[in-house]
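A.B. asks: So here's structure.csv (CSV, C-alpha atoms).
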```csv
chain,number,residue,atom,x,y,z
A,1,MET,CA,97.4,30.3,134.6
A,2,SER,CA,100.0,28.9,137.0
A,3,THR,CA,102.2,30.8,139.3
A,4,PRO,CA,105.8,31.1,137.9
A,5,ASP,CA,108.5,29.2,139.7
A,6,ASN,CA,112.1,30.3,140.5
A,7,CYS,CA,113.7,32.3,137.7
A,8,ALA,CA,110.5,32.1,135.7
A,9,ASN,CA,111.7,35.3,133.8
A,10,CYS,CA,115.0,33.6,132.7
A,11,PRO,CA,115.2,32.8,129.0
A,12,ALA,CA,114.8,29.0,128.2
A,13,HIS,CA,116.8,29.1,125.0
A,14,HIS,CA,120.2,27.3,124.7
A,15,LYS,CA,122.5,30.0,123.4
A,16,ALA,CA,125.5,27.8,122.7
A,17,ASN,CA,123.4,25.4,120.6
A,18,LEU,CA,121.7,28.3,118.8
A,19,VAL,CA,125.1,29.7,117.8
A,20,LYS,CA,125.9,26.4,116.2
A,21,LEU,CA,122.6,26.7,114.4
A,22,GLY,CA,123.7,30.1,113.1
A,23,VAL,CA,121.5,32.3,115.2
A,24,ASN,CA,123.1,35.4,116.7
A,25,LEU,CA,121.5,36.3,120.0
A,26,ASP,CA,123.4,39.5,120.9
A,27,ASN,CA,121.1,42.1,122.4
A,28,VAL,CA,118.2,39.6,122.5
A,29,ASP,CA,116.1,38.8,125.5
A,30,TYR,CA,113.8,36.1,124.2
A,31,LEU,CA,113.9,33.8,121.1
A,32,ILE,CA,110.6,33.0,119.3
A,33,THR,CA,110.3,30.5,116.5
A,34,LEU,CA,107.3,30.1,114.1
A,35,ALA,CA,106.2,26.7,113.0
A,36,GLY,CA,103.3,25.4,111.0
A,37,ASN,CA,102.0,23.6,108.0
A,38,PRO,CA,102.5,25.2,104.6
A,39,ASN,CA,99.8,27.7,103.5
A,40,THR,CA,98.6,28.6,107.0
A,41,GLY,CA,99.6,32.2,106.8
A,42,LYS,CA,102.7,31.7,108.8
A,43,SER,CA,104.7,34.2,106.7
A,44,THR,CA,102.0,36.8,107.2
A,45,VAL,CA,102.1,36.4,111.0
A,46,PHE,CA,106.0,36.7,110.8
A,47,ASN,CA,105.7,39.9,108.8
A,48,ASN,CA,103.2,41.3,111.2
A,49,LEU,CA,105.4,40.7,114.1
A,50,THR,CA,108.7,41.8,112.6
A,51,GLY,CA,107.7,44.5,110.1
A,52,LEU,CA,110.8,45.6,108.2
A,53,ARG,CA,113.2,44.3,110.9
A,54,GLN,CA,114.0,41.0,109.1
A,55,HIS,CA,116.5,39.4,106.8
A,56,THR,CA,116.9,36.0,105.0
A,57,GLY,CA,119.6,33.5,104.6
A,58,ASN,CA,120.2,29.7,104.7
A,59,TRP,CA,120.5,27.3,107.5
A,60,PRO,CA,124.1,26.2,108.1
A,61,GLY,CA,125.1,23.5,105.8
A,62,LYS,CA,121.6,23.4,104.2
A,63,THR,CA,120.0,24.8,101.1
A,64,VAL,CA,116.8,25.6,103.1
A,65,ALA,CA,116.0,29.3,103.4
A,66,ARG,CA,115.6,30.9,106.8
A,67,ALA,CA,114.0,34.2,107.7
A,68,GLU,CA,114.8,36.1,110.9
A,69,GLY,CA,113.4,39.2,112.3
A,70,GLY,CA,112.8,41.0,115.6
A,71,PHE,CA,110.5,43.2,117.6
A,72,ILE,CA,110.4,45.0,120.9
A,73,TYR,CA,107.4,44.5,123.3
A,74,ASN,CA,107.2,46.0,126.7
A,75,GLU,CA,110.8,47.0,126.6
A,76,LYS,CA,112.0,43.4,125.9
A,77,ARG,CA,113.8,42.5,122.7
A,78,TYR,CA,112.5,39.4,120.8
A,79,LYS,CA,114.2,37.6,117.9
A,80,VAL,CA,111.9,35.6,115.6
A,81,VAL,CA,113.1,32.7,113.5
A,82,ASP,CA,110.6,31.4,110.9
A,83,LEU,CA,111.0,27.6,110.5
A,84,PRO,CA,110.3,25.8,107.1
A,85,GLY,CA,106.6,24.9,106.7
A,86,THR,CA,106.2,21.2,107.4
A,87,TYR,CA,103.4,18.7,108.0
A,88,SER,CA,105.4,16.7,110.6
A,89,LEU,CA,108.6,16.6,112.5
A,90,LEU,CA,109.5,13.0,111.7
A,91,SER,CA,112.7,14.0,109.9
A,92,THR,CA,111.8,12.4,106.6
A,93,SER,CA,112.9,15.6,104.7
A,94,THR,CA,115.5,18.3,105.2
A,95,ASP,CA,112.8,20.8,106.1
A,96,GLU,CA,111.4,18.6,108.8
A,97,GLU,CA,114.9,17.9,110.2
A,98,VAL,CA,115.7,21.6,110.4
A,99,ALA,CA,112.5,22.4,112.1
A,100,ARG,CA,112.7,19.5,114.6
A,101,ASP,CA,116.4,20.1,115.5
A,102,PHE,CA,115.8,23.8,116.0
A,103,ILE,CA,113.0,23.2,118.5
A,104,LEU,CA,114.8,20.3,120.2
A,105,PHE,CA,118.4,21.7,120.5
A,106,GLY,CA,117.7,25.4,120.3
A,107,ARG,CA,115.0,25.3,123.0
A,108,PRO,CA,113.3,28.6,121.9
A,109,ASP,CA,111.5,30.5,124.6
A,110,VAL,CA,108.3,30.3,122.7
A,111,THR,CA,107.3,28.1,119.7
A,112,LEU,CA,104.5,30.0,117.9
A,113,ILE,CA,102.5,27.4,116.0
A,114,VAL,CA,100.4,28.9,113.2
A,115,VAL,CA,97.4,26.7,112.0
A,116,ASP,CA,94.7,27.1,109.5
A,117,ALA,CA,91.4,27.4,111.4
A,118,THR,CA,89.5,25.9,108.4
A,119,ARG,CA,91.7,22.8,108.4
A,120,LEU,CA,92.3,22.5,112.1
A,121,GLU,CA,92.1,18.7,112.4
A,122,ARG,CA,94.7,18.2,109.7
A,123,ASN,CA,97.0,20.8,111.3
A,124,LEU,CA,96.8,19.3,114.8
A,125,ASN,CA,99.1,16.5,113.9
A,126,LEU,CA,102.1,18.9,113.8
A,127,VAL,CA,100.8,20.7,116.9
A,128,LEU,CA,100.9,17.5,118.9
A,129,GLN,CA,104.3,16.6,117.6
A,130,ILE,CA,105.7,20.0,118.6
A,131,LEU,CA,104.2,19.7,122.1
A,132,GLU,CA,106.1,16.4,122.6
A,133,LEU,CA,109.3,18.5,122.2
A,134,THR,CA,108.5,21.7,124.1
A,135,ASP,CA,106.1,22.9,126.8
A,136,ARG,CA,106.6,26.5,125.8
A,137,ALA,CA,104.2,27.1,122.9
A,138,VAL,CA,101.4,29.4,121.7
A,139,LEU,CA,98.8,28.4,119.1
A,140,CYS,CA,97.8,31.0,116.6
A,141,LEU,CA,94.4,30.0,115.1
A,142,ASN,CA,94.8,31.9,111.9
A,143,LEU,CA,92.3,32.4,109.0
A,144,MET,CA,89.5,32.8,111.5
A,145,ASP,CA,87.7,35.1,108.9
A,146,GLU,CA,87.7,32.2,106.5
A,147,ALA,CA,86.4,29.8,109.2
A,148,LYS,CA,83.5,32.2,109.9
A,149,ARG,CA,82.8,32.5,106.2
A,150,ASN,CA,82.5,28.7,106.1
A,151,ASN,CA,80.3,28.7,109.2
A,152,LEU,CA,82.9,26.9,111.3
A,153,GLU,CA,82.9,27.6,115.0
A,154,ILE,CA,85.9,26.7,117.2
A,155,ASP,CA,85.8,26.7,121.0
A,156,THR,CA,89.1,28.3,121.7
A,157,ARG,CA,88.8,28.0,125.4
A,158,ALA,CA,88.2,24.3,125.2
A,159,LEU,CA,91.0,23.8,122.7
A,160,SER,CA,93.4,25.8,125.0
A,161,LYS,CA,92.4,23.6,127.9
A,162,GLU,CA,92.9,20.4,125.9
A,163,LEU,CA,96.3,21.4,124.6
A,164,GLY,CA,97.5,23.1,127.8
A,165,ILE,CA,98.7,26.2,125.9
A,166,PRO,CA,97.3,29.7,124.9
A,167,VAL,CA,95.2,29.6,121.8
A,168,ILE,CA,94.7,32.9,120.1
A,169,PRO,CA,92.2,33.4,117.2
A,170,ALA,CA,93.6,35.6,114.5
A,171,SER,CA,93.2,36.9,110.9
A,172,ALA,CA,96.8,37.8,110.1
A,173,ARG,CA,95.9,39.3,106.6
A,174,ARG,CA,93.7,41.8,108.4
A,175,LYS,CA,96.1,42.1,111.4
A,176,LEU,CA,93.4,41.0,113.8
A,177,GLY,CA,94.5,39.2,116.9
A,178,MET,CA,98.1,40.4,116.8
A,179,SER,CA,98.0,42.3,120.1
A,180,GLU,CA,96.5,39.3,121.9
A,181,LEU,CA,99.2,37.2,120.2
A,182,LEU,CA,102.0,39.4,121.5
A,183,GLN,CA,100.6,39.3,125.0
A,184,ALA,CA,100.4,35.5,124.9
A,185,ILE,CA,104.0,35.3,123.6
A,186,GLU,CA,105.2,37.5,126.4
A,187,GLU,CA,103.4,35.5,129.1
A,188,VAL,CA,104.8,32.2,127.9
A,189,ALA,CA,108.3,33.7,127.4
A,190,THR,CA,108.5,35.2,130.9
A,191,GLY,CA,106.9,32.2,132.6
A,192,LYS,CA,103.8,34.1,133.6
A,193,TYR,CA,101.8,31.4,131.7
A,194,VAL,CA,103.1,27.9,132.5
A,195,CYS,CA,102.0,25.6,129.7
A,196,LYS,CA,100.9,22.0,130.5
A,197,PRO,CA,100.7,20.0,127.2
A,198,PRO,CA,99.0,16.6,127.5
A,199,LYS,CA,101.0,13.3,127.6
A,200,ILE,CA,100.3,10.6,125.0
A,201,LYS,CA,98.5,7.7,126.6
A,202,SER,CA,97.5,5.6,123.6
A,203,ARG,CA,100.7,3.5,123.3
A,204,SER,CA,100.7,-0.3,123.8
A,205,ARG,CA,102.1,-1.8,127.0
A,206,LYS,CA,105.0,-3.4,125.2
A,207,LEU,CA,106.0,-0.1,123.5
A,208,ASN,CA,105.7,1.8,126.8
A,209,HIS,CA,108.0,-0.8,128.4
A,210,ALA,CA,110.6,-0.4,125.7
A,211,ILE,CA,110.4,3.4,125.9
A,212,GLU,CA,110.7,3.3,129.7
A,213,THR,CA,113.7,0.9,129.6
A,214,LEU,CA,115.5,3.0,127.0
A,215,SER,CA,114.6,6.3,128.7
A,216,ASN,CA,116.2,5.0,131.9
A,217,LYS,CA,119.4,4.1,130.0
A,218,LEU,CA,119.5,7.6,128.5
A,219,LEU,CA,119.0,9.2,131.9
A,220,GLU,CA,121.9,7.1,133.3
A,221,SER,CA,124.2,8.7,130.7
A,222,TYR,CA,122.5,12.1,130.7
A,223,PRO,CA,120.9,12.8,134.1
A,224,GLY,CA,118.2,15.5,133.8
A,225,LEU,CA,117.8,15.0,130.1
A,226,PRO,CA,114.4,16.5,129.1
A,227,ASN,CA,112.3,14.7,126.5
A,228,ALA,CA,114.0,11.4,127.4
A,229,SER,CA,110.9,9.4,126.4
A,230,TRP,CA,110.7,11.3,123.1
A,231,VAL,CA,114.4,10.6,122.4
A,232,ALA,CA,113.8,6.9,123.2
A,233,MET,CA,110.9,6.8,120.8
A,234,ARG,CA,112.9,8.3,118.0
A,235,LEU,CA,115.8,5.8,118.7
A,236,LEU,CA,113.3,2.9,118.5
A,237,GLU,CA,112.0,4.3,115.2
A,238,GLY,CA,115.6,4.4,113.8
A,239,ASP,CA,115.8,8.1,113.5
A,240,ASN,CA,119.3,8.6,112.0
A,241,SER,CA,119.9,12.1,113.2
A,242,ILE,CA,118.9,11.3,116.8
A,243,ILE,CA,121.0,8.1,116.7
A,244,GLU,CA,124.0,10.2,115.6
A,245,ALA,CA,123.3,12.8,118.3
A,246,VAL,CA,123.3,10.1,121.0
A,247,ARG,CA,126.4,8.4,119.5
A,248,THR,CA,128.4,11.7,119.4
A,249,GLY,CA,127.1,12.9,122.8
A,250,GLU,CA,125.5,15.9,121.3
A,251,ILE,CA,122.2,14.9,122.8
A,252,GLY,CA,123.8,15.8,126.2
A,253,ASN,CA,123.5,19.4,125.2
A,254,LEU,CA,119.8,19.2,125.9
A,255,HIS,CA,120.4,18.9,129.7
A,256,GLU,CA,123.4,21.0,130.1
A,257,GLU,CA,122.9,24.5,131.5
A,258,ASP,CA,123.8,27.2,129.0
A,259,VAL,CA,126.2,29.4,131.0
A,260,THR,CA,126.5,31.8,128.0
A,261,THR,CA,122.9,33.0,128.4
```
Can the structure from this file be put into structure tokens for me?

C.D. replies:
Amino acid sequence: MSTPDNCANCPAHHKANLVKLGVNLDNVDYLITLAGNPNTGKSTVFNNLTGLRQHTGNWPGKTVARAEGGFIYNEKRYKVVDLPGTYSLLSTSTDEEVARDFILFGRPDVTLIVVDATRLERNLNLVLQILELTDRAVLCLNLMDEAKRNNLEIDTRALSKELGIPVIPASARRKLGMSELLQAIEEVATGKYVCKPPKIKSRSRKLNHAIETLSNKLLESYPGLPNASWVAMRLLEGDNSIIEAVRTGEIGNLHEEDVTT
């Protein structure tokens, strides 16, 4: 674990953007969001964390359902938002767009990624896409009981080292691993654990040049913009929602300090 830097305990979430996304952060210290493929046990993890302190509704302007809840851990108040289950964040569906925009613009203090330990390779596609958007994440390796039943062994230490984030083995149906999960969430939220996700190195020289050129243009307009290379990549792919965010200037919200926090 790395030593936290200045204001490591400060929340990372962008309150103003979250209000636009319909999230009320009154009396909340940290915002946690749950992401993952469908059928990974994400809802069970959500229920274990929040208990009866939850409610459901829709995302603003969408027909996509949203579940919210909360819990208190070590005298800090956490709000939990359960994102739609998706296989990617490429914005090819409403669910993917909702999940992607929430992580990108809401900047949650921790993105808890729930994966199926019996189908880890398939689930890692979404994990790596999320780590392109945020360096504040925890991986919940769920269904470990099923993995053991199928004689699957996972080196969680090696996986954590490769991904640069905490990896917690769990069996949510049996409520195993939940205390370790809470501890990992707290450490990332407070900055005690500084995540260091890997950078993608497999792109071609021409693509890297195009991304770098476009990133520099973005940074000229929005100095300090995080994820500039990611935004550049989405622009090159013709991502309509990102193109619109750049056209309207909304993308600038990513680098503005949230004075309302």

A.B. asks: Taking a cut-off of 12 Å and counting all atoms listed in the file, can you build a table that, for each residue of segment 36-77 of chain A near segment 143-146 of chain A, reports the nearest atom pair and how far apart they are in Å (one decimal), sorted by chain then residue number, as CSV?

C.D. replies:
```
residue,atom,partner,partner_atom,distance
A:Asn39,CA,A:Leu143,CA,10.4
A:Thr40,CA,A:Leu143,CA,7.6
A:Gly41,CA,A:Leu143,CA,7.6
A:Lys42,CA,A:Leu143,CA,10.4
A:Thr44,CA,A:Leu143,CA,10.8
A:Val45,CA,A:Leu143,CA,10.8
```

A.B. asks: By how many Å are atom CA of Gly36 of chain A and atom CA of Leu112 of chain A apart?

C.D. replies: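 Computed distance, atom CA of Gly36 of chain A to atom CA of Leu112 of chain A, equals 8.4 Å.
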
A.B. asks: Name all residues at most 12 Å from Ala158 of chain A (count all atoms listed in the file; drop same-chain ones fewer than 6 positions away) and give them as a PyMOL selection string.

C.D. replies: chain A and resi 164-168

A.B. asks: Need to verify the contact set: Leu124 of chain A, 10 Å, all atoms listed in the file, exclusion of same-chain residues closer than 4 positions in sequence. Can you return it as a PyMOL selection string?

C.D. replies: chain A and resi 36-37+87-88+113+115-116+119-120+128-130

A.B. asks: Name the closest residue to Pro198 of chain A among the candidates A:Glu250, A:Glu97, A:Glu132, A:Glu180; distances are taken between atoms, counting all atoms listed in the file.

C.D. replies: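 Using all atoms listed in the file, the shortest distance to Pro198 of chain A belongs to A:Glu132.
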
A.B. asks: Atom CA of Thr50 of chain A and atom CA of Leu182 of chain A are how many Å apart?

C.D. replies: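 Computing it gives 11.4 Å between the two atoms.
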
A.B. asks: Residues near Ala245 of chain A, anyone? I mean within 12 Å using all atoms listed in the file, not counting same-chain ones fewer than 3 positions away, as a ChimeraX atom specification.

C.D. replies: /A:101,104-105,231,234-235,239-242,248-254

A.B. asks: Which value, in Å to one decimal, gives the distance between atom CA of Thr111 of chain A and atom CA of Lys196 of chain A?

C.D. replies: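 According to the coordinates, atom CA of Thr111 of chain A and atom CA of Lys196 of chain A are separated by 14.0 Å.
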
A.B. asks: At a cut-off of 12 Å, using all atoms listed in the file, what residues contact Lys148 of chain A? Leave out same-chain residues fewer than 5 positions from it and give the result as a list in words.

C.D. replies: Ala117, Thr118, Asn142, Leu143, Glu153, Ile154, Pro169, Ala170 and Ser171 of chain A

A.B. asks: With all atoms listed in the file as the basis for distance, which of A:Lys79, A:Arg66, A:Arg122, A:His209 is at the shortest distance from Ala232 of chain A?

C.D. replies: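 Closest to Ala232 of chain A of all the choices is A:His209.
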
A.B. asks: Can you work out which one of A:Ser204, A:Thr63, A:Ser215, A:Ser160 has the shortest atom-to-atom distance to Ala137 of chain A, counting all atoms listed in the file?

C.D. replies: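 Ranked by minimum distance to Ala137 of chain A, first place goes to A:Ser160.
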
A.B. asks: Please determine, counting only C-alpha atoms, which residue among A:Arg136, A:Glu68, A:Arg77, A:Lys192 has the shortest atom-to-atom distance to Phe46 of chain A.

C.D. replies: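 Nearest candidate to Phe46 of chain A out of A:Arg136, A:Glu68, A:Arg77, A:Lys192: A:Glu68.
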
A.B. asks: When you count all atoms listed in the file, which of these residues is closest to Leu141 of chain A: A:Val114, A:Leu83, A:Ile72, A:Val98?

C.D. replies: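 Counting all atoms listed in the file, the residue closest to Leu141 of chain A is A:Val114.
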
A.B. asks: Counting all atoms listed in the file, figure out which residue out of A:Arg100, A:Thr92, A:Pro60, A:Leu139 gets nearest to Arg157 of chain A.

C.D. replies: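 Under the stated criterion, the closest residue is A:Leu139.
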
A.B. asks: Compile the contact shell of Ile32 of chain A as a CSV table (one decimal) with C-alpha atoms, in the frame of the given file: residues with an atom at most 9 Å away, counting all atoms listed in the file, same-chain residues fewer than 5 positions apart removed.

C.D. replies:
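Dumped everything to selection-v4.csv:
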```
chain,number,residue,atom,x,y,z
A,78,TYR,CA,112.5,39.4,120.8
A,79,LYS,CA,114.2,37.6,117.9
A,80,VAL,CA,111.9,35.6,115.6
A,81,VAL,CA,113.1,32.7,113.5
A,82,ASP,CA,110.6,31.4,110.9
A,108,PRO,CA,113.3,28.6,121.9
A,109,ASP,CA,111.5,30.5,124.6
A,110,VAL,CA,108.3,30.3,122.7
A,111,THR,CA,107.3,28.1,119.7
A,112,LEU,CA,104.5,30.0,117.9
A,185,ILE,CA,104.0,35.3,123.6
A,189,ALA,CA,108.3,33.7,127.4
```
